[in-house]
Amino acid sequence: NLTWLDLSSNQLTGEIPSEIGSLTNLISLHLNNNQLTGEIPSEIGNLTNLSWWFNLSHNQLTGDVPLEFANLTNLSSLTISNNYLTGLPEDFGNFTNLFFLDLGYNLLFYHLQ
């Protein structure tokens, strides 16, 4: 029944566990300002009730944003800045309720070349 999870600024290390996808009632998720590494797990796409804020900024996440982000159509705010992300899925722009998007300070320009 958890709807709001804020683990920001806790010096968390390692990868985001795939089990995060089982928290399907979340409307807001904050994992920012930690030392999380690896790729964003595709199970994030199970969090279809995320409608307020999703923040993964200021970590050390790598790779492409998973295709399953397309399932997060209810998001109003997404912050994945200050990581080492290299690509976005083609249908990344399908967020109909999004009013805030921060992709800054990643490596996305390498993917566009």
# chains A, B, ... in the order shown; residues from 1 in each chain; ligands from 1
>>> select_by_dssp(residues="chain A", states="alpha helix (DSSP H)", output="count of residues only")
5
>>> residues_around(residues="A:Phe100", least_positions_apart="4", cutoff="7 Å", atoms="only C-alpha atoms", output="PyMOL selection string")
chain A and resi 76-78
>>> closest_residue(among="A:Leu31, A:Leu67, A:Leu101, A:Leu61", to="A:Thr79", atoms="only C-alpha atoms")
A:Leu101
>>> atom_distance(atom1="atom CA of A:Leu5", atom2="atom CA of A:Glu90")
28.4 Å
>>> closest_residue(among="A:Ser81, A:Ser9, A:Asn74, A:Ser28", to="A:Phe54", atoms="only C-alpha atoms")
A:Ser28
>>> select_by_dssp(residues="stretch 24-102 of chain A", states="strand (DSSP E)", output="VMD selection string")
chain A and resid 28 to 30 35 to 38 53 to 55 60 to 64 77 to 79 84 to 87 100 to 102
>>> atom_distance(atom1="atom CA of A:Gly104", atom2="atom CA of A:Gly21")
24.9 Å
>>> closest_residue(among="A:Phe69, A:Asn49, A:Asn59, A:Asn97", to="A:Asn82", atoms="only C-alpha atoms")
A:Asn59
>>> atom_distance(atom1="atom CA of A:Leu75", atom2="atom CA of A:Pro41")
17.5 Å
>>> residues_around(residues="A:Ile16", least_positions_apart="6", cutoff="12 Å", atoms="only C-alpha atoms", output="ChimeraX atom specification")
/A:7,30-32,34-44,56,59-62
>>> closest_residue(among="A:Leu88, A:Glu15, A:Thr24, A:Ile80", to="A:Leu50", atoms="only C-alpha atoms")
A:Thr24
>>> closest_residue(among="A:Asn94, A:Asn1, A:Gln11, A:Asn83", to="A:Asn106", atoms="only C-alpha atoms")
A:Asn83
>>> residues_around(residues="A:Phe92", least_positions_apart="4", cutoff="10 Å", atoms="only C-alpha atoms", output="PyMOL selection string")
chain A and resi 65-73+88
>>> closest_residue(among="A:Trp4, A:Phe109, A:Phe99, A:Trp53", to="A:Leu85", atoms="only C-alpha atoms")
A:Phe109
